[in-house]
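So this one's model_10.txt, compact mmCIF, C-alpha atoms and all ligand atoms:
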# COMPACT_ATOMS: atom_id res chain seq x y z
CA MET A 1 3.50 -21.49 25.03
CA ASN A 2 2.80 -18.93 22.29
CA ASP A 3 2.61 -20.71 18.94
CA LYS A 4 0.99 -17.91 16.94
CA THR A 5 2.44 -17.17 13.51
CA LYS A 6 4.89 -14.27 13.84
CA ILE A 7 4.63 -11.31 11.50
CA LEU A 8 7.21 -8.57 11.20
CA ILE A 9 5.94 -5.26 9.82
CA LEU A 10 8.77 -3.20 8.29
CA GLY A 11 7.55 0.41 8.29
CA PHE A 12 4.90 0.35 11.00
CA GLY A 13 2.36 3.07 10.13
CA ALA A 14 -1.36 3.24 9.32
CA LEU A 15 -1.38 -0.14 7.57
CA GLY A 16 0.64 -1.87 10.31
CA ARG A 17 -1.68 -0.49 12.95
CA ALA A 18 -4.78 -1.63 11.03
CA LEU A 19 -3.25 -5.09 10.52
CA ALA A 20 -2.43 -5.54 14.20
CA HIS A 21 -5.94 -4.41 15.17
CA ARG A 22 -7.80 -6.48 12.58
CA HIS A 23 -5.84 -9.74 12.79
CA GLY A 24 -4.14 -9.45 16.18
CA ALA A 25 -6.13 -12.39 17.58
CA HIS A 26 -4.41 -15.03 15.49
CA TYR A 27 -0.95 -13.59 14.76
CA GLU A 28 1.86 -12.20 16.85
CA PHE A 29 2.96 -8.88 15.38
CA ARG A 30 6.14 -6.87 15.75
CA GLY A 31 6.62 -3.49 14.06
CA ILE A 32 9.70 -1.55 12.98
CA LYS A 33 9.81 2.22 12.55
CA ARG A 34 12.26 5.01 13.40
CA THR A 35 10.30 7.50 15.49
CA PRO A 36 8.32 6.80 18.68
CA LEU A 37 4.57 6.17 18.73
CA ALA A 38 2.23 7.41 21.45
CA SER A 39 0.49 4.03 21.69
CA ALA A 40 0.91 0.84 19.71
CA PRO A 41 -1.22 -2.30 19.39
CA CYS A 42 1.90 -4.53 19.34
CA PRO A 43 5.61 -4.26 20.24
CA VAL A 44 7.29 -1.70 17.95
CA LEU A 45 11.09 -1.50 17.78
CA LEU A 46 12.60 1.84 16.88
CA MET A 47 15.29 1.52 14.23
CA PRO A 48 15.77 2.17 10.52
CA ILE A 49 15.08 -0.87 8.31
CA MET A 50 18.74 -0.66 7.22
CA ASP A 51 20.00 -1.05 10.80
CA ALA A 52 22.12 -4.16 11.34
CA GLY A 53 20.04 -4.88 14.44
CA ILE A 54 17.12 -5.80 12.16
CA VAL A 55 18.49 -9.35 11.71
CA ASP A 56 17.15 -10.49 15.09
CA SER A 57 13.65 -9.50 14.01
CA LEU A 58 14.07 -11.01 10.54
CA ALA A 59 15.15 -14.28 12.16
CA TRP A 60 12.18 -14.09 14.58
CA ALA A 61 9.56 -13.65 11.85
CA ASP A 62 7.57 -16.34 10.04
CA HIS A 63 6.39 -13.69 7.56
CA VAL A 64 7.69 -10.22 6.73
CA VAL A 65 5.42 -7.41 5.51
CA PHE A 66 7.46 -4.69 3.79
CA CYS A 67 5.47 -1.43 3.91
CA PRO A 68 7.57 1.68 4.72
CA ALA A 69 6.34 4.91 3.14
CA ALA A 70 8.44 7.92 2.18
CA SER A 71 7.46 11.04 4.12
CA THR A 72 8.44 13.44 1.30
CA SER A 73 7.88 13.34 -2.45
CA ASP A 74 11.65 13.69 -3.03
CA LEU A 75 12.90 11.07 -5.51
CA GLU A 76 15.96 10.11 -3.47
CA ALA A 77 13.81 9.57 -0.36
CA TYR A 78 11.54 7.41 -2.48
CA ARG A 79 14.47 5.31 -3.70
CA ALA A 80 15.93 4.98 -0.19
CA THR A 81 12.56 4.00 1.31
CA TYR A 82 11.65 1.32 -1.21
CA LEU A 83 14.59 0.04 -3.22
CA ASP A 84 17.52 0.58 -0.83
CA ASN A 85 15.63 -0.83 2.16
CA MET A 86 14.46 -3.84 0.17
CA VAL A 87 17.98 -4.55 -1.14
CA SER A 88 19.32 -4.22 2.40
CA ILE A 89 16.94 -6.75 4.00
CA ILE A 90 17.43 -9.21 1.14
CA ALA A 91 21.21 -9.02 1.65
CA ARG A 92 20.89 -9.48 5.42
CA MET A 93 18.63 -12.49 5.00
CA ALA A 94 21.01 -14.06 2.46
CA GLU A 95 24.02 -13.40 4.71
CA ARG A 96 22.37 -15.01 7.76
CA ARG A 97 20.53 -17.70 5.75
CA ILE A 98 17.17 -16.45 6.99
CA THR A 99 14.20 -17.59 4.89
CA PRO A 100 10.78 -16.52 6.13
CA ARG A 101 7.71 -18.31 4.81
CA SER A 102 6.95 -15.21 2.79
CA VAL A 103 7.99 -11.61 2.24
CA ILE A 104 4.94 -9.53 1.34
CA LEU A 105 5.70 -6.30 -0.50
CA ILE A 106 3.05 -3.57 -0.34
CA SER A 107 3.56 -2.09 -3.79
CA SER A 108 1.30 0.26 -5.72
CA THR A 109 -0.84 0.41 -8.85
CA GLY A 110 1.52 3.32 -9.61
CA VAL A 111 3.69 0.69 -11.36
CA TYR A 112 1.21 0.87 -14.25
CA PRO A 113 1.66 4.03 -16.32
CA GLU A 114 -1.52 6.05 -16.78
CA SER A 115 -1.11 6.21 -20.54
CA MET A 116 -1.75 2.53 -21.15
CA GLU A 117 -4.49 0.56 -22.77
CA GLU A 118 -7.87 -0.03 -21.27
CA PHE A 119 -7.79 -3.14 -19.11
CA ILE A 120 -4.89 -4.22 -16.90
CA ASP A 121 -4.35 -7.44 -15.02
CA GLU A 122 -1.21 -8.83 -13.37
CA THR A 123 0.01 -10.52 -16.58
CA HIS A 124 0.61 -7.06 -18.01
CA GLU A 125 4.29 -6.09 -18.10
CA PRO A 126 4.38 -2.41 -17.01
CA VAL A 127 6.22 -0.05 -19.36
CA VAL A 128 8.45 2.38 -17.47
CA LYS A 129 7.38 6.02 -17.97
CA THR A 130 8.52 7.77 -14.77
CA GLU A 131 11.46 7.45 -12.36
CA ARG A 132 9.12 6.80 -9.46
CA GLN A 133 7.51 3.94 -11.30
CA GLU A 134 10.93 2.57 -12.21
CA ILE A 135 12.04 2.60 -8.56
CA LEU A 136 8.94 0.69 -7.50
CA LEU A 137 9.35 -1.86 -10.28
CA GLN A 138 13.04 -2.30 -9.36
CA THR A 139 11.95 -2.91 -5.75
CA GLU A 140 9.49 -5.59 -6.88
CA ARG A 141 12.13 -7.10 -9.17
CA ALA A 142 14.76 -7.18 -6.39
CA LEU A 143 12.39 -9.22 -4.21
CA ILE A 144 11.20 -11.52 -7.00
CA ASP A 145 14.77 -12.22 -8.15
CA SER A 146 16.05 -12.79 -4.60
CA GLY A 147 14.80 -16.37 -4.45
CA LEU A 148 12.82 -15.56 -1.30
CA PRO A 149 9.17 -16.65 -1.25
CA TYR A 150 7.39 -13.45 -2.20
CA VAL A 151 3.95 -11.91 -2.57
CA VAL A 152 3.53 -8.51 -4.26
CA LEU A 153 0.35 -6.56 -3.53
CA ARG A 154 -0.11 -3.63 -5.93
CA CYS A 155 -2.46 -1.36 -4.00
CA GLY A 156 -4.60 1.52 -5.20
CA GLY A 157 -4.76 4.66 -3.03
CA LEU A 158 -5.37 3.63 0.57
CA TYR A 159 -8.42 4.90 2.41
CA GLY A 160 -10.05 4.09 5.72
CA GLU A 161 -9.13 4.87 9.29
CA GLY A 162 -5.98 7.01 9.37
CA ARG A 163 -5.75 7.19 5.56
CA GLY A 164 -6.96 9.36 2.67
CA ASP A 165 -8.17 12.63 4.19
CA PHE A 166 -10.14 13.85 1.17
CA LEU A 167 -12.10 16.51 3.10
CA ALA A 168 -8.84 18.24 4.11
CA ARG A 169 -7.50 18.02 0.56
CA LEU A 170 -10.61 19.68 -0.80
CA ALA A 171 -10.79 22.27 1.99
CA ASP A 172 -7.10 23.20 1.51
CA GLY A 173 -7.61 23.80 -2.23
CA ARG A 174 -5.40 20.88 -3.21
CA ILE A 175 -8.09 19.58 -5.60
CA THR A 176 -8.70 21.99 -8.50
CA SER A 177 -10.55 21.95 -11.83
CA ALA A 178 -7.24 21.09 -13.54
CA MET A 179 -7.50 17.65 -11.91
CA LEU A 180 -10.96 16.84 -13.27
CA SER A 181 -9.68 14.40 -15.88
CA GLY A 182 -11.52 11.45 -17.37
CA GLN A 183 -9.01 8.87 -16.14
CA PHE A 184 -9.92 6.10 -13.77
CA VAL A 185 -8.66 6.42 -10.17
CA HIS A 186 -8.11 3.33 -8.08
CA PHE A 187 -8.60 2.94 -4.34
CA ILE A 188 -8.56 0.18 -1.73
CA HIS A 189 -9.73 0.25 1.87
CA VAL A 190 -6.87 -0.37 4.29
CA ASN A 191 -8.86 -3.22 5.93
CA ASP A 192 -9.04 -5.00 2.57
CA VAL A 193 -5.26 -4.79 2.25
CA CYS A 194 -5.08 -6.35 5.75
CA ASP A 195 -7.42 -9.14 4.66
CA ALA A 196 -5.38 -9.79 1.52
CA ILE A 197 -2.24 -10.12 3.68
CA ASP A 198 -4.08 -12.48 6.04
CA LEU A 199 -5.31 -14.62 3.11
CA ALA A 200 -1.87 -14.80 1.50
CA ILE A 201 -0.39 -15.98 4.81
CA SER A 202 -3.13 -18.38 5.85
CA ARG A 203 -3.31 -19.97 2.39
CA ASN A 204 0.48 -20.20 2.04
CA VAL A 205 0.43 -18.18 -1.18
CA THR A 206 3.85 -17.30 -2.60
CA GLY A 207 5.32 -16.37 -5.99
CA GLU A 208 2.33 -14.22 -6.98
CA ILE A 209 1.47 -10.61 -7.78
CA PHE A 210 -2.02 -9.27 -7.02
CA ASN A 211 -3.67 -5.97 -7.86
CA LEU A 212 -5.63 -4.64 -4.88
CA VAL A 213 -8.26 -2.14 -5.92
CA ASP A 214 -11.90 -1.84 -4.95
CA ASP A 215 -14.89 -2.18 -7.30
CA SER A 216 -15.51 1.57 -7.73
CA GLN A 217 -14.46 1.85 -11.39
CA ILE A 218 -14.69 5.61 -11.00
CA ARG A 219 -13.13 8.38 -13.07
CA ARG A 220 -11.17 11.19 -11.44
CA ALA A 221 -13.63 13.95 -12.45
CA GLU A 222 -16.61 11.95 -11.17
CA PHE A 223 -14.81 11.20 -7.89
CA TYR A 224 -13.81 14.81 -7.17
CA ARG A 225 -17.31 16.08 -8.05
CA PHE A 226 -18.71 13.48 -5.66
CA LEU A 227 -16.39 14.83 -2.89
CA SER A 228 -17.42 18.41 -3.63
CA SER A 229 -21.10 17.54 -3.33
CA LEU A 230 -20.60 15.29 -0.27
CA TYR A 231 -18.71 17.94 1.72
CA GLY A 232 -20.51 20.98 0.26
CA LEU A 233 -17.23 22.56 -0.90
CA PRO A 234 -16.61 23.98 -4.40
CA ILE A 235 -13.69 22.84 -6.54
CA PRO A 236 -11.52 25.95 -7.17
CA ASP A 237 -10.61 26.94 -10.71
CA GLY A 238 -7.15 25.79 -11.67
CA GLY A 239 -7.62 25.73 -15.44
CA SER A 240 -8.64 22.87 -17.70
CA PRO A 241 -7.74 19.24 -17.10
CA PRO A 242 -5.39 17.53 -19.56
CA GLU A 243 -6.96 15.80 -22.53
CA ILE A 244 -6.85 12.05 -22.00
CA VAL A 245 -6.00 9.99 -25.04
CA ARG A 246 -5.55 6.59 -23.44
CA ASP A 247 -6.69 5.19 -20.15
CA ARG A 248 -6.39 2.17 -17.88
CA LEU A 249 -8.77 0.24 -15.70
CA ILE A 250 -7.02 -2.05 -13.24
CA SER A 251 -8.58 -5.44 -12.55
CA ASN A 252 -9.04 -6.97 -9.08
CA ALA A 253 -10.32 -10.29 -10.49
CA LYS A 254 -7.20 -12.27 -9.53
CA ALA A 255 -7.29 -11.14 -5.88
CA LYS A 256 -10.92 -12.24 -5.71
CA SER A 257 -10.59 -15.55 -7.51
CA GLN A 258 -7.11 -16.76 -6.52
CA LEU A 259 -6.64 -15.13 -3.13
CA GLY A 260 -10.31 -15.44 -2.16
CA LEU A 261 -10.58 -11.78 -1.21
CA THR A 262 -14.07 -10.49 -0.38
CA LEU A 263 -13.99 -6.71 -0.21
CA SER A 264 -15.24 -5.28 3.08
CA SER A 265 -15.54 -1.93 1.33
CA PRO A 266 -16.38 -2.45 -2.36
CA ARG A 267 -16.86 1.24 -3.22
CA ILE A 268 -15.02 4.25 -1.80
CA THR A 269 -18.02 6.52 -2.44
CA ASP A 270 -20.29 4.35 -0.24
CA TYR A 271 -17.64 4.35 2.50
CA LEU A 272 -17.18 8.14 2.40
CA GLN A 273 -20.92 8.71 2.37
CA ARG A 274 -21.36 6.45 5.41
CA THR A 275 -18.51 8.00 7.40
CA ALA A 276 -19.55 11.58 6.52
CA ALA A 277 -23.03 10.80 7.83
CA SER A 278 -21.74 9.29 11.08
CA PRO A 279 -18.17 10.46 11.82
CA SER A 280 -16.72 8.37 14.65
N1 LIG B 301 -1.04 5.83 0.78
C1 LIG B 301 -1.41 5.25 -0.35
O1 LIG B 301 -2.36 5.69 -0.99
C2 LIG B 301 -0.69 4.02 -0.83
C3 LIG B 301 -1.01 3.47 -2.06
C4 LIG B 301 -0.36 2.30 -2.46
C5 LIG B 301 0.60 1.73 -1.64
N2 LIG B 301 0.91 2.31 -0.45
C6 LIG B 301 1.92 1.68 0.40
O2 LIG B 301 1.27 1.18 1.53
C7 LIG B 301 2.25 0.99 2.55
C8 LIG B 301 1.68 1.34 3.91
O3 LIG B 301 1.40 2.69 3.97
P1 LIG B 301 0.94 3.36 5.33
O4 LIG B 301 -0.36 4.01 5.05
O5 LIG B 301 1.01 2.42 6.47
O6 LIG B 301 2.07 4.47 5.46
P2 LIG B 301 2.47 5.31 6.78
O7 LIG B 301 1.31 5.43 7.69
O8 LIG B 301 3.11 6.56 6.27
O9 LIG B 301 3.54 4.39 7.49
C9 LIG B 301 4.79 4.11 6.95
C10 LIG B 301 5.75 3.93 8.10
O10 LIG B 301 7.03 3.61 7.57
C11 LIG B 301 7.97 4.05 8.53
N3 LIG B 301 9.24 4.16 7.83
C12 LIG B 301 9.53 4.91 6.74
N4 LIG B 301 10.82 4.77 6.41
C13 LIG B 301 11.35 3.89 7.30
C14 LIG B 301 12.65 3.34 7.48
N5 LIG B 301 13.66 3.67 6.66
N6 LIG B 301 12.86 2.49 8.51
C15 LIG B 301 11.85 2.17 9.35
N7 LIG B 301 10.60 2.65 9.23
C16 LIG B 301 10.35 3.50 8.21
C17 LIG B 301 7.42 5.38 9.02
O11 LIG B 301 7.75 5.60 10.37
P3 LIG B 301 9.08 6.43 10.79
O12 LIG B 301 9.10 7.66 9.97
O13 LIG B 301 8.89 6.64 12.27
O14 LIG B 301 10.22 5.52 10.51
C18 LIG B 301 5.90 5.15 8.96
O15 LIG B 301 5.37 4.89 10.23
C19 LIG B 301 3.47 1.78 2.12
O16 LIG B 301 4.46 0.89 1.66
C20 LIG B 301 2.96 2.61 0.99
O17 LIG B 301 3.98 2.89 0.05
C21 LIG B 301 0.29 3.43 -0.03
Would you write the structure of this file as structure tokens?
Ligand SMILES: NC(=O)c1ccc[n+]([C@@H]2O[C@H](COP(=O)([O-])OP(=O)(O)OC[C@H]3O[C@@H](n4cnc5c(N)ncnc54)[C@H](OP(=O)(O)O)[C@@H]3O)[C@@H](O)[C@H]2O)c1
Amino acid sequence: MNDKTKILILGFGALGRALAHRHGAHYEFRGIKRTPLASAPCPVLLMPIMDAGIVDSLAWADHVVFCPAASTSDLEAYRATYLDNMVSIIARMAERRITPRSVILISSTGVYPESMEEFIDETHEPVVKTERQEILLQTERALIDSGLPYVVLRCGGLYGEGRGDFLARLADGRITSAMLSGQFVHFIHVNDVCDAIDLAISRNVTGEIFNLVDDSQIRRAEFYRFLSSLYGLPIPDGGSPPEIVRDRLISNAKAKSQLGLTLSSPRITDYLQRTAASPS
């Protein structure tokens, strides 16, 4: 008999794949996405999250990881991907009286506006400055107010296998001098997001929000200059960067102390240096 804890991944992409690879030994995974995959490390059902057929999978799951990503930067696609899908699964679970042990939302440090004060932990109430940020906060709020046991993981930019192709961005001229600002940028290795999900599940954590960022504490200008030197590519001139009046540094102290997270990749620069030296 299979008595492994069952985890449903809504929006099976790079993170879902990493999760199934990294923690496949002690969980049973099932993924949901719309378009076929060439190969998958676990069963993946092809349907939109809004499909009525999702209820069988919601009823099957002990835990639900909500992590679809919008494929375009269009605002309506963003709203449909995060808020509308979240509202839809909450309604279906309420209708069928399905209560998983937790629903884990992969949110983003993008909920914190860039023009905020210096140091930010999870007690900080984000002030809405952009529509994108508002949509993400509404998605978090919909889950928190649903009465379902929730965990919100506010992730920095994901890097690692299948994520964050900085060499291509630099080579394609997508990083210019206009982006060399003094603001902090926040990253997290995809494996550390997987470990945070595993810890939340194995320690029965619910009702909490965690920031997930690595220890880099690096400013945008410093990071892009590091990339330029690492890959031997110049940063094209795109004018001057904006003057930064205020700035924010996002804390990962709660994830370390309360979730027990030990970062497998504490600094993105060390990771990129290692992988550039020995590409696999
Ligand atoms: N990338 C970052 O830097 C970053 C930063 C913070 C947070 N996050 C969050 O991290 C999470 C995981 O990202 P990832 O790297 O795994 O993204 P990904 O590789 O782009 O995977 C997302 C998956 O969601 C599926 N999807 C999108 N809309 C769907 C829908 N309506 N119904 C069913 N499936 C849907 C897509 O497959 P189909 O198109 O085939 O459906 C795709 O495979 C996302 O929630 C993202 O917002 C990312």
- Item | Site check for ligand LIG 301 (chain B): residues at most 9 Å away, all atoms listed in the file, as number ranges by chain | A: 10-18, 31-37, 46-51, 66-71, 77, 80-82, 84-85, 105-110, 153-159, 162-164, 187-188, 190, 193
- So what do you get for atom CA of Val111 of chain A versus atom CA of Gln133 of chain A, distance-wise?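 Taking atom CA of Val111 of chain A and atom CA of Gln133 of chain A, their separation equals 5.0 Å.
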- Message: For a test of reading the model, state the distance in Å between atom CA of Ile9 of chain A and atom CA of Ala61 of chain A, rounded to one decimal.
- Response: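 Interatomic distance here is 9.4 Å.
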- Identify the residues within 10 Å of coordinate (-11.0, 23.9, 2.4) (same frame as the file), considering only C-alpha atoms, and give the answer as a list in words.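 Checking each residue against the 10 Å limit leaves Leu167, Ala168, Arg169, Leu170, Ala171, Asp172, Gly173, Arg174, Ile175, Tyr231, Leu233, Pro234, Ile235 and Pro236 of chain A.
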- Message: Just want the 7 Å neighbourhood of Thr139 of chain A, counted on only C-alpha atoms, with same-chain residues fewer than 4 positions away dropped. Output as a PyMOL selection string.
- Response: chain A and resi 82-83+86+135+143
- Message: Between atom CA of His186 of chain A and atom CA of His124 of chain A, what distance in Å does the model show, to one decimal?
- Response: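 Atom CA of His124 of chain A lies 16.8 Å from atom CA of His186 of chain A.
Among A:Asp192, A:Asp56, A:Glu76, A:Asp3, the residue with the shortest atom-to-atom distance to Lys256 of chain A, counting only C-alpha atoms, is A:Asp192.
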- Name the residues within 8 Å of (-3.3, -16.8, 15.5), counting only C-alpha atoms in the file's coordinates, and put them as a PyMOL selection string. chain A and resi 3-5+23-28
- Message: My list of candidates is A:Ala255, A:Ala52, A:Leu75, A:Val151. Which is closest to Ser102 of chain A when distances are computed with all atoms listed in the file?
- Response: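 Counting all atoms listed in the file, the residue closest to Ser102 of chain A is A:Val151.
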- Extract, using all atoms listed in the file, all DNA, RNA and protein residues at most 10 Å from Leu180 of chain A, discarding same-chain residues fewer than 6 positions from it, and format them as a ChimeraX atom specification. /A:219-225,235,238-242
Please give the centre and size of the box around segment 29-38 of chain A (axis-aligned, containing every atom listed in the file, 3 Å added per side), with values in Å to one decimal and written as JSON.
{"center_x": 7.2, "center_y": -0.7, "center_z": 17.0, "size_x": 16.0, "size_y": 22.4, "size_z": 14.9}
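If all atoms listed in the file are the atoms counted, then among A:Met179, A:Ile197, A:Val87, A:Val127 the closest residue to Val152 of chain A is A:Ile197.
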- Task: Could you check which of A:Gly160, A:Pro41, A:Pro113, A:Pro100 is closest to Ser264 of chain A, using all atoms listed in the file?
- Result: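 Among A:Gly160, A:Pro41, A:Pro113, A:Pro100, it is A:Gly160 that comes nearest to Ser264 of chain A.
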- Using all atoms listed in the file, which of the listed residues (A:Asp165, A:Asp214, A:Glu122, A:Glu95) sits closest to Pro266 of chain A?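 Closest to Pro266 of chain A of all the choices is A:Asp214.
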